[in-house]
>>> print(open('coords34.txt').read())   # compact mmCIF, C-alpha atoms and all ligand atoms
# COMPACT_ATOMS: atom_id res chain seq x y z
CA MET H 1 -27.13 315.10 239.98
CA SER H 2 -25.59 312.08 241.60
CA HIS H 3 -23.22 312.52 244.51
CA SER H 4 -21.01 309.93 246.08
CA LEU H 5 -22.37 308.64 249.37
CA GLU H 6 -19.19 309.79 251.13
CA LYS H 7 -19.80 313.28 249.86
CA ILE H 8 -23.36 313.22 251.15
CA MET H 9 -22.06 311.97 254.50
CA ALA H 10 -19.62 314.86 254.78
CA SER H 11 -22.30 317.34 253.86
CA ALA H 12 -24.86 315.84 256.26
CA ARG H 13 -22.31 316.05 259.07
CA GLN H 14 -22.04 319.77 258.51
CA VAL H 15 -25.80 320.10 258.50
CA SER H 16 -26.10 318.07 261.70
CA ARG H 17 -23.62 320.36 263.43
CA ALA H 18 -25.74 323.34 262.49
CA TYR H 19 -28.54 321.87 264.62
CA ARG H 20 -26.34 321.18 267.64
CA ILE H 21 -27.01 323.34 270.68
CA GLU H 22 -24.41 323.07 273.40
CA GLN H 23 -24.80 326.49 274.98
CA GLY H 24 -28.48 327.10 275.48
CA ARG H 25 -28.46 330.70 276.60
CA ASN H 26 -29.17 332.29 273.23
CA PHE H 27 -31.23 329.49 271.76
CA ARG H 28 -34.71 330.10 270.41
CA LEU H 29 -36.83 327.39 268.85
CA LYS H 30 -37.78 329.68 265.99
CA GLN H 31 -34.13 329.70 264.83
CA ILE H 32 -34.69 326.26 263.33
CA SER H 33 -37.54 325.71 260.91
CA PRO H 34 -39.32 322.32 261.02
CA GLY H 35 -39.40 322.26 257.22
CA ASP H 36 -35.69 322.93 256.79
CA THR H 37 -33.68 320.41 254.80
CA GLY H 38 -30.22 321.84 255.33
CA GLY H 39 -30.46 324.64 252.83
CA GLY H 40 -28.89 327.15 255.19
CA VAL H 41 -25.56 325.36 255.24
CA LYS H 42 -22.96 326.29 252.63
CA ASN H 43 -22.32 323.86 249.74
CA VAL H 44 -24.80 321.35 251.08
CA VAL H 45 -25.54 318.56 248.62
CA ASP H 46 -29.06 317.40 247.98
CA ILE H 47 -29.67 314.06 249.63
CA GLN H 48 -33.39 313.75 249.12
CA TRP H 49 -33.44 311.62 246.03
CA GLN H 50 -30.68 309.36 247.35
CA ALA H 51 -32.03 309.37 250.89
CA LYS H 52 -32.83 305.66 250.98
CA THR H 53 -29.47 304.51 249.64
CA PHE H 54 -27.77 306.96 251.94
CA LEU H 55 -29.58 305.62 255.00
CA GLU H 56 -28.49 302.08 254.10
CA PHE H 57 -24.93 303.33 253.75
CA ALA H 58 -25.14 305.11 257.10
CA ASN H 59 -26.63 302.05 258.77
CA ALA H 60 -23.72 299.91 257.61
CA ARG H 61 -21.36 302.47 259.13
CA LEU H 62 -23.31 302.34 262.38
CA THR H 63 -23.14 298.55 262.46
CA GLU H 64 -19.38 298.76 262.33
CA LEU H 65 -19.13 301.47 264.98
CA GLN H 66 -21.46 299.63 267.31
CA GLU H 67 -19.39 296.50 267.06
CA LYS H 68 -16.32 298.44 268.11
CA LEU H 69 -18.18 300.17 270.93
CA TYR H 70 -19.33 296.79 272.17
CA ALA H 71 -15.92 295.15 271.82
CA GLN H 72 -14.01 297.97 273.46
CA LYS H 73 -16.42 298.40 276.38
CA HIS H 74 -15.11 301.78 277.47
CA TRP H 75 -17.95 304.00 276.39
CA SER H 76 -21.68 303.70 276.18
CA LEU H 77 -24.08 305.74 274.11
CA LEU H 78 -27.33 307.22 275.37
CA ILE H 79 -29.70 308.58 272.76
CA VAL H 80 -32.57 310.67 274.09
CA LEU H 81 -35.54 311.24 271.78
CA GLN H 82 -38.08 313.90 272.61
CA ALA H 83 -40.86 315.25 270.43
CA MET H 84 -44.51 316.07 270.10
CA ASP H 85 -46.77 313.20 268.99
CA ALA H 86 -46.37 312.03 265.40
CA ALA H 87 -43.03 313.82 265.00
CA GLY H 88 -41.40 310.53 264.05
CA LYS H 89 -39.69 309.12 267.13
CA ASP H 90 -40.79 305.57 266.39
CA GLY H 91 -39.88 305.77 262.71
CA THR H 92 -36.48 307.21 263.58
CA ILE H 93 -35.76 304.34 265.94
CA LYS H 94 -36.92 301.82 263.36
CA HIS H 95 -35.01 303.21 260.40
CA VAL H 96 -31.89 304.62 261.97
CA MET H 97 -31.22 301.79 264.35
CA SER H 98 -31.96 298.95 261.97
CA GLY H 99 -28.23 298.34 261.51
CA ILE H 100 -27.71 297.89 265.22
CA ASN H 101 -27.29 294.48 266.79
CA PRO H 102 -30.20 294.07 269.25
CA GLN H 103 -27.83 292.41 271.72
CA GLY H 104 -25.97 295.65 272.18
CA CYS H 105 -28.95 297.93 272.39
CA GLU H 106 -31.92 298.65 274.62
CA VAL H 107 -34.88 300.88 273.82
CA THR H 108 -36.94 302.19 276.74
CA SER H 109 -40.24 303.99 276.20
CA PHE H 110 -41.16 306.19 279.13
CA LYS H 111 -44.88 306.64 279.68
CA VAL H 112 -46.88 308.41 282.38
CA PRO H 113 -45.22 307.25 285.62
CA SER H 114 -47.17 304.87 287.77
CA GLY H 115 -46.91 302.73 290.91
CA ALA H 116 -43.37 302.40 292.21
CA GLU H 117 -42.13 305.02 289.79
CA LEU H 118 -44.19 307.66 291.57
CA THR H 119 -42.67 306.84 294.94
CA HIS H 120 -39.17 307.64 293.70
CA THR H 121 -37.49 310.80 292.47
CA PHE H 122 -38.07 311.64 288.83
CA LEU H 123 -34.61 310.57 287.71
CA TRP H 124 -34.87 307.14 289.29
CA ARG H 125 -36.55 305.23 286.49
CA CYS H 126 -34.26 306.74 283.87
CA ALA H 127 -31.08 306.13 285.85
CA GLN H 128 -31.87 302.43 285.84
CA ARG H 129 -32.02 302.35 282.06
CA VAL H 130 -28.76 304.12 281.35
CA PRO H 131 -26.74 301.80 279.13
CA GLY H 132 -23.75 299.96 280.59
CA SER H 133 -20.35 300.17 278.92
CA GLY H 134 -20.32 298.94 275.35
CA MET H 135 -24.08 299.35 275.05
CA ILE H 136 -26.41 301.72 273.25
CA GLY H 137 -29.50 302.92 275.11
CA ILE H 138 -32.34 304.71 273.43
CA PHE H 139 -34.79 306.70 275.53
CA ASN H 140 -38.08 307.07 273.68
CA ARG H 141 -39.14 310.01 275.86
CA SER H 142 -37.03 310.46 278.94
CA HIS H 143 -36.38 312.39 282.15
CA TYR H 144 -37.20 315.48 280.06
CA GLU H 145 -40.88 314.57 280.29
CA ASP H 146 -40.63 315.65 283.92
CA VAL H 147 -40.01 319.25 282.93
CA LEU H 148 -42.64 319.15 280.17
CA ALA H 149 -45.86 317.23 280.87
CA PRO H 150 -46.21 318.07 284.62
CA ARG H 151 -45.52 321.69 283.82
CA ILE H 152 -48.53 321.79 281.59
CA HIS H 153 -50.65 319.33 283.57
CA PRO H 154 -50.16 320.07 287.29
CA GLU H 155 -51.93 316.82 288.20
CA PHE H 156 -48.82 314.90 287.04
CA LEU H 157 -46.75 316.81 289.57
CA GLN H 158 -49.34 316.25 292.28
CA ALA H 159 -49.24 312.52 291.60
CA HIS H 160 -45.68 312.47 292.96
CA ASN H 161 -46.99 313.52 296.35
CA LEU H 162 -43.91 315.60 297.12
CA PRO H 163 -43.66 317.35 300.50
CA PRO H 164 -45.53 320.65 299.95
CA PRO H 165 -42.68 322.94 301.13
CA LEU H 166 -40.54 321.52 298.32
CA VAL H 167 -42.99 322.39 295.58
CA THR H 168 -42.21 326.02 294.88
CA LYS H 169 -42.06 328.19 291.79
CA ASN H 170 -38.39 327.18 291.51
CA ILE H 171 -39.17 323.55 290.92
CA TRP H 172 -38.48 323.59 287.17
CA GLN H 173 -35.22 325.44 287.59
CA GLU H 174 -34.24 322.93 290.26
CA ARG H 175 -35.10 320.06 287.97
CA TYR H 176 -32.96 321.50 285.18
CA GLU H 177 -30.09 321.70 287.62
CA ASP H 178 -30.65 318.10 288.68
CA ILE H 179 -30.78 316.98 285.06
CA ASN H 180 -27.56 318.82 284.24
CA ALA H 181 -25.80 317.30 287.23
CA PHE H 182 -27.11 313.83 286.37
CA GLU H 183 -26.02 314.08 282.76
CA GLN H 184 -22.63 315.46 283.71
CA HIS H 185 -22.17 312.57 286.09
CA LEU H 186 -22.94 310.15 283.25
CA ALA H 187 -20.67 311.96 280.82
CA ARG H 188 -17.82 311.92 283.32
CA ASN H 189 -18.20 308.17 283.57
CA GLY H 190 -18.12 307.34 279.89
CA VAL H 191 -21.73 307.76 278.79
CA LEU H 192 -21.88 309.67 275.53
CA ILE H 193 -25.16 311.57 275.53
CA LEU H 194 -26.97 312.74 272.39
CA LYS H 195 -30.33 314.43 272.85
CA PHE H 196 -32.66 314.92 269.92
CA TYR H 197 -35.68 317.12 269.75
CA LEU H 198 -37.58 316.21 266.59
CA HIS H 199 -38.97 319.55 265.60
CA VAL H 200 -42.24 319.05 263.75
CA SER H 201 -44.63 321.87 262.83
CA LYS H 202 -48.20 322.04 264.03
CA GLU H 203 -49.44 321.84 260.41
CA GLU H 204 -47.41 318.72 259.67
CA GLN H 205 -48.62 317.09 262.89
CA LYS H 206 -52.20 317.76 261.76
CA ARG H 207 -51.50 316.11 258.41
CA ARG H 208 -50.00 313.05 260.09
CA LEU H 209 -52.80 312.74 262.63
CA LEU H 210 -55.36 312.93 259.82
CA GLU H 211 -53.43 310.21 258.02
CA ARG H 212 -53.74 308.03 261.11
CA ILE H 213 -57.49 308.59 261.07
CA ASN H 214 -57.99 308.18 257.34
CA GLU H 215 -55.72 305.22 256.62
CA LYS H 216 -57.07 302.00 258.03
CA ASN H 217 -53.74 300.36 258.76
CA LYS H 218 -52.57 303.47 260.62
CA ASN H 219 -55.68 303.65 262.83
CA TRP H 220 -53.95 301.77 265.65
CA LYS H 221 -51.49 304.64 266.03
CA PHE H 222 -54.20 307.17 266.71
CA SER H 223 -54.78 308.27 270.26
CA GLU H 224 -57.34 310.79 271.43
CA ALA H 225 -54.78 312.05 273.94
CA ASP H 226 -52.74 313.37 271.01
CA LEU H 227 -55.49 315.90 270.28
CA ARG H 228 -55.60 317.00 273.90
CA GLU H 229 -51.86 317.67 273.87
CA ARG H 230 -52.04 319.29 270.44
CA ALA H 231 -54.48 321.85 271.82
CA LEU H 232 -51.71 322.88 274.23
CA TRP H 233 -49.15 323.24 271.45
CA ASP H 234 -47.86 326.72 272.34
CA ARG H 235 -47.33 325.83 275.96
CA TYR H 236 -45.39 322.73 274.95
CA MET H 237 -43.22 324.80 272.63
CA GLU H 238 -42.43 327.20 275.47
CA ALA H 239 -41.61 324.34 277.81
CA TYR H 240 -39.38 322.67 275.19
CA GLU H 241 -37.57 325.89 274.43
CA GLU H 242 -36.92 326.58 278.06
CA ALA H 243 -35.77 323.02 278.75
CA ILE H 244 -33.37 323.06 275.81
CA ARG H 245 -32.00 326.45 276.81
CA ALA H 246 -31.38 325.24 280.34
CA THR H 247 -29.90 321.84 279.56
CA ALA H 248 -27.89 322.16 276.34
CA LYS H 249 -24.34 321.54 277.49
CA PRO H 250 -21.10 320.58 275.80
CA TRP H 251 -21.23 317.18 277.54
CA ALA H 252 -24.88 316.63 276.63
CA PRO H 253 -25.81 318.68 273.56
CA TRP H 254 -29.28 318.97 272.13
CA TYR H 255 -29.86 318.45 268.42
CA VAL H 256 -32.95 320.27 267.26
CA VAL H 257 -33.68 318.33 264.08
CA PRO H 258 -36.29 319.57 261.60
CA ALA H 259 -38.93 316.87 261.43
CA ASP H 260 -41.44 317.83 258.74
CA ASN H 261 -39.58 315.62 256.25
CA LYS H 262 -39.01 312.13 257.53
CA TRP H 263 -36.21 311.27 255.10
CA PHE H 264 -34.31 314.30 256.36
CA THR H 265 -34.83 313.66 260.08
CA ARG H 266 -33.63 310.09 259.72
CA ALA H 267 -30.55 311.01 257.71
CA ILE H 268 -29.55 313.71 260.21
CA VAL H 269 -30.06 311.56 263.29
CA ALA H 270 -28.04 308.74 261.70
CA VAL H 271 -25.20 311.03 260.75
CA THR H 272 -25.17 312.70 264.16
CA VAL H 273 -24.76 309.35 265.87
CA ILE H 274 -22.02 308.33 263.43
CA ASP H 275 -20.22 311.64 263.87
CA ALA H 276 -20.27 311.35 267.65
CA LEU H 277 -19.14 307.72 267.72
CA GLU H 278 -16.34 308.38 265.25
CA ALA H 279 -15.01 311.12 267.47
CA LEU H 280 -14.38 308.47 270.15
CA TYR H 281 -11.80 306.70 267.95
CA LEU H 282 -13.25 303.35 268.89
CA LYS H 283 -11.07 300.33 268.35
CA ARG H 284 -11.51 296.65 268.94
CA PRO H 285 -9.29 295.67 271.88
CA LYS H 286 -5.72 294.76 270.93
CA VAL H 287 -5.00 291.06 270.90
CA SER H 288 -2.09 290.34 273.23
CA GLY H 289 0.79 287.98 272.41
CA GLU H 290 -0.65 285.49 274.83
CA ILE H 291 -4.03 285.48 273.14
CA LYS H 292 -2.36 285.16 269.73
CA LYS H 293 -0.61 282.05 270.99
CA ALA H 294 -3.87 280.69 272.33
CA LEU H 295 -5.53 281.34 268.96
CA LEU H 296 -2.82 279.38 267.14
CA ALA H 297 -3.13 276.52 269.60
CA ALA H 298 -6.91 276.50 269.22
CA ARG H 299 -6.62 276.43 265.44
CA ARG H 300 -4.24 273.48 265.62
CA SER H 301 -6.48 271.58 268.01
CA LEU H 302 -9.57 272.16 265.84
CA LYS H 303 -7.69 270.97 262.74
CA ASP H 304 -6.43 267.90 264.58
CA GLU H 305 -9.98 266.85 265.33
CA GLY H 306 -9.84 265.33 261.89
P1 LIG T 401 -46.64 306.55 270.55
O1 LIG T 401 -47.78 307.51 270.59
O2 LIG T 401 -45.93 306.54 269.24
O3 LIG T 401 -46.97 305.19 271.06
P2 LIG T 401 -45.64 308.01 272.78
O4 LIG T 401 -44.26 308.21 273.31
O5 LIG T 401 -46.40 309.25 272.41
O6 LIG T 401 -45.52 307.07 271.56
P3 LIG T 401 -47.87 307.40 274.42
O7 LIG T 401 -48.23 306.22 275.26
O8 LIG T 401 -48.79 307.88 273.38
O9 LIG T 401 -46.43 307.14 273.82
O10 LIG T 401 -47.61 308.65 275.37
C1 LIG T 401 -46.84 308.62 276.47
C2 LIG T 401 -47.32 309.78 277.31
O11 LIG T 401 -46.68 309.70 278.57
C3 LIG T 401 -46.99 311.13 276.72
O12 LIG T 401 -48.15 311.92 276.65
C4 LIG T 401 -46.02 311.72 277.72
O13 LIG T 401 -46.12 313.11 277.86
C5 LIG T 401 -46.39 310.99 278.96
N1 LIG T 401 -45.29 310.96 279.93
C6 LIG T 401 -44.12 310.35 279.82
N2 LIG T 401 -43.35 310.58 280.90
C7 LIG T 401 -44.07 311.36 281.72
C8 LIG T 401 -43.83 311.94 282.99
N3 LIG T 401 -42.69 311.76 283.63
N4 LIG T 401 -44.80 312.67 283.54
C9 LIG T 401 -45.96 312.85 282.89
N5 LIG T 401 -46.25 312.34 281.69
C10 LIG T 401 -45.33 311.61 281.11
MG MG T 402 -48.40 309.21 271.68
>>> encode(input="coords34.txt", output="structure tokens", more="lines below")
Ligand code: ATP
Ligand code: MG
Amino acid sequence: MSHSLEKIMASARQVSRAYRIEQGRNFRLKQISPGDTGGGVKNVVDIQWQAKTFLEFANARLTELQEKLYAQKHWSLLIVLQAMDAAGKDGTIKHVMSGINPQGCEVTSFKVPSGAELTHTFLWRCAQRVPGSGMIGIFNRSHYEDVLAPRIHPEFLQAHNLPPPLVTKNIWQERYEDINAFEQHLARNGVLILKFYLHVSKEEQKRRLLERINEKNKNWKFSEADLRERALWDRYMEAYEEAIRATAKPWAPWYVVPADNKWFTRAIVAVTVIDALEALYLKRPKVSGEIKKALLAARRSLKDEG
């Protein structure tokens, strides 16, 4: 059955809100199934067979919102993407952000910290990449890596060479507190924060990794390190769950988006961004009387050029 794109948009908004966590205390990862496609939400319309058209429609909406964000220069938008390997971070950036003007957007991919990064506190490199007003910043991995990877691989924590008395069993709790304070500081200064955890299942990751091995033109995406991390799946899930529980806040909510179906993940991320930007009531700045006069004068002078 065909649905109008507006109707799908309204329905997808409802679905997106069902994945929003802004009070982490009672959250458990198992509450959201990686294979879910919104079926749990009342009156949800099926978007799968119109997913491509819908994404184009959503992208056009995003283009418009970004232009207003950029023109108004009050707010900025920070999108944080976290996930296990092959969950679809790259594809989400490519497909959801394709309507965005590159001039108003910066994507930063955070890898294992090295050199100067290791001599600074863990938030340092991320703080430098926070988008300025009017801009959209996308963190492909983020400061959240610092409560995930080093938790599972102590050598990453050792690499920071912190003073030993400061490395106690409370370190993760302290980092959550620092992250919350950092994000609240950003939110209080006009940075709208949306954090996405792309929730893929272990089985689907296996399928995608095999695809990278079996399909020649996907070989370049394969990394042996992915298998090493995959072997630690349960520990990563625990670390993710704990991080989300500790850092889901009204000013910086987490969206735990099912990621076994790419069309669904992309649609939900797009709609979430649209929903959040629309709530800002963005407007292009008002043109003052003086500027109107200047516009008329400029028009006249251009016409007079002959
Ligand atoms: P893709 O595989 O699609 O290129 P990716 O984000 O997985 O994207 P990789 O270069 O494969 O990029 O992996 C980056 C690695 O860096 C991840 O294993 C991640 O855990 C690690 N990493 C990022 N930040 C930190 C950090 N602060 N401490 C330790 N490890 C980190
Ligand atoms: Mg990788």
>>> closest_residue(input="coords34.txt", among="H:Leu198, H:Ile93, H:Asp85, H:Arg235", to="Arg212 of chain H", atoms="all atoms listed in the file")
H:Asp85
>>> closest_residue(input="coords34.txt", among="H:His120, H:Val256, H:Leu65, H:Gly88", to="Arg208 of chain H", atoms="only C-alpha atoms")
H:Gly88
>>> residues_around(input="coords34.txt", residues="segment 75-80 of chain H", least_positions_apart="3", cutoff="7 Å", atoms="only C-alpha atoms", output="PyMOL selection string")
chain H and resi 69+130-142+190-196
>>> closest_atom_pairs(input="coords34.txt", of="chain H", to="ligand LIG 401 (chain T)", cutoff="9 Å", atoms="all atoms listed in the file", output="CSV")
residue,atom,partner,partner_atom,distance
H:Gln82,CA,T:LIG401,O4,8.4
H:Ala83,CA,T:LIG401,O4,8.3
H:Met84,CA,T:LIG401,O5,7.4
H:Asp85,CA,T:LIG401,O5,5.2
H:Ala86,CA,T:LIG401,O2,6.7
H:Ala87,CA,T:LIG401,O2,8.9
H:Gly88,CA,T:LIG401,O2,8.0
H:Lys89,CA,T:LIG401,O2,7.1
H:Asp90,CA,T:LIG401,O2,6.0
H:Gly91,CA,T:LIG401,O2,8.9
H:Ser109,CA,T:LIG401,O4,6.5
H:Phe110,CA,T:LIG401,C6,5.2
H:Lys111,CA,T:LIG401,O11,3.7
H:Val112,CA,T:LIG401,C10,3.8
H:Pro113,CA,T:LIG401,N3,5.5
H:Phe122,CA,T:LIG401,N3,7.0
H:Asn140,CA,T:LIG401,O4,6.3
H:Arg141,CA,T:LIG401,O4,6.0
H:Ser142,CA,T:LIG401,N2,6.6
H:His143,CA,T:LIG401,N3,6.5
H:Tyr144,CA,T:LIG401,N3,7.5
H:Glu145,CA,T:LIG401,N3,4.7
H:Asp146,CA,T:LIG401,N3,4.4
H:Val147,CA,T:LIG401,N3,8.0
H:Leu148,CA,T:LIG401,O13,7.3
H:Ala149,CA,T:LIG401,C9,4.8
H:Pro150,CA,T:LIG401,C9,5.5
H:Arg151,CA,T:LIG401,C9,8.9
H:His153,CA,T:LIG401,C9,8.0
H:Glu155,CA,T:LIG401,C9,8.9
H:Phe156,CA,T:LIG401,C9,5.4
H:Leu157,CA,T:LIG401,N4,7.6
H:Lys221,CA,T:LIG401,O1,6.5
H:Phe222,CA,T:LIG401,O1,7.5
H:Ser223,CA,T:LIG401,O8,6.8
H:Ala225,CA,T:LIG401,O12,7.2
H:Asp226,CA,T:LIG401,O8,7.2
H:Glu229,CA,T:LIG401,O12,7.4
>>> atom_distance(input="coords34.txt", atom1="atom CA of Asn59 of chain H", atom2="atom CA of Gly99 of chain H")
4.9 Å
>>> closest_residue(input="coords34.txt", among="H:Asp275, H:Glu224, H:Glu238, H:Asp304", to="ligand MG 402 (chain T)", atoms="all atoms listed in the file")
H:Glu224
>>> closest_residue(input="coords34.txt", among="H:Leu210, H:Ala71, H:Val200, H:Leu186", to="Lys283 of chain H", atoms="all atoms listed in the file")
H:Ala71
>>> residues_near_point(input="coords34.txt", point="(-47.3, 308.6, 290.8)", cutoff="8 Å", atoms="only C-alpha atoms", output="MDAnalysis selection string")
chainID H and resid 113:119 156 159:161
>>> atom_distance(input="coords34.txt", atom1="atom CA of Leu29 of chain H", atom2="atom CA of Ala246 of chain H")
12.9 Å
>>> closest_residue(input="coords34.txt", among="H:Leu209, H:Ala231, H:Val273, H:Ile171", to="ligand MG 402 (chain T)", atoms="all atoms listed in the file")
H:Leu209
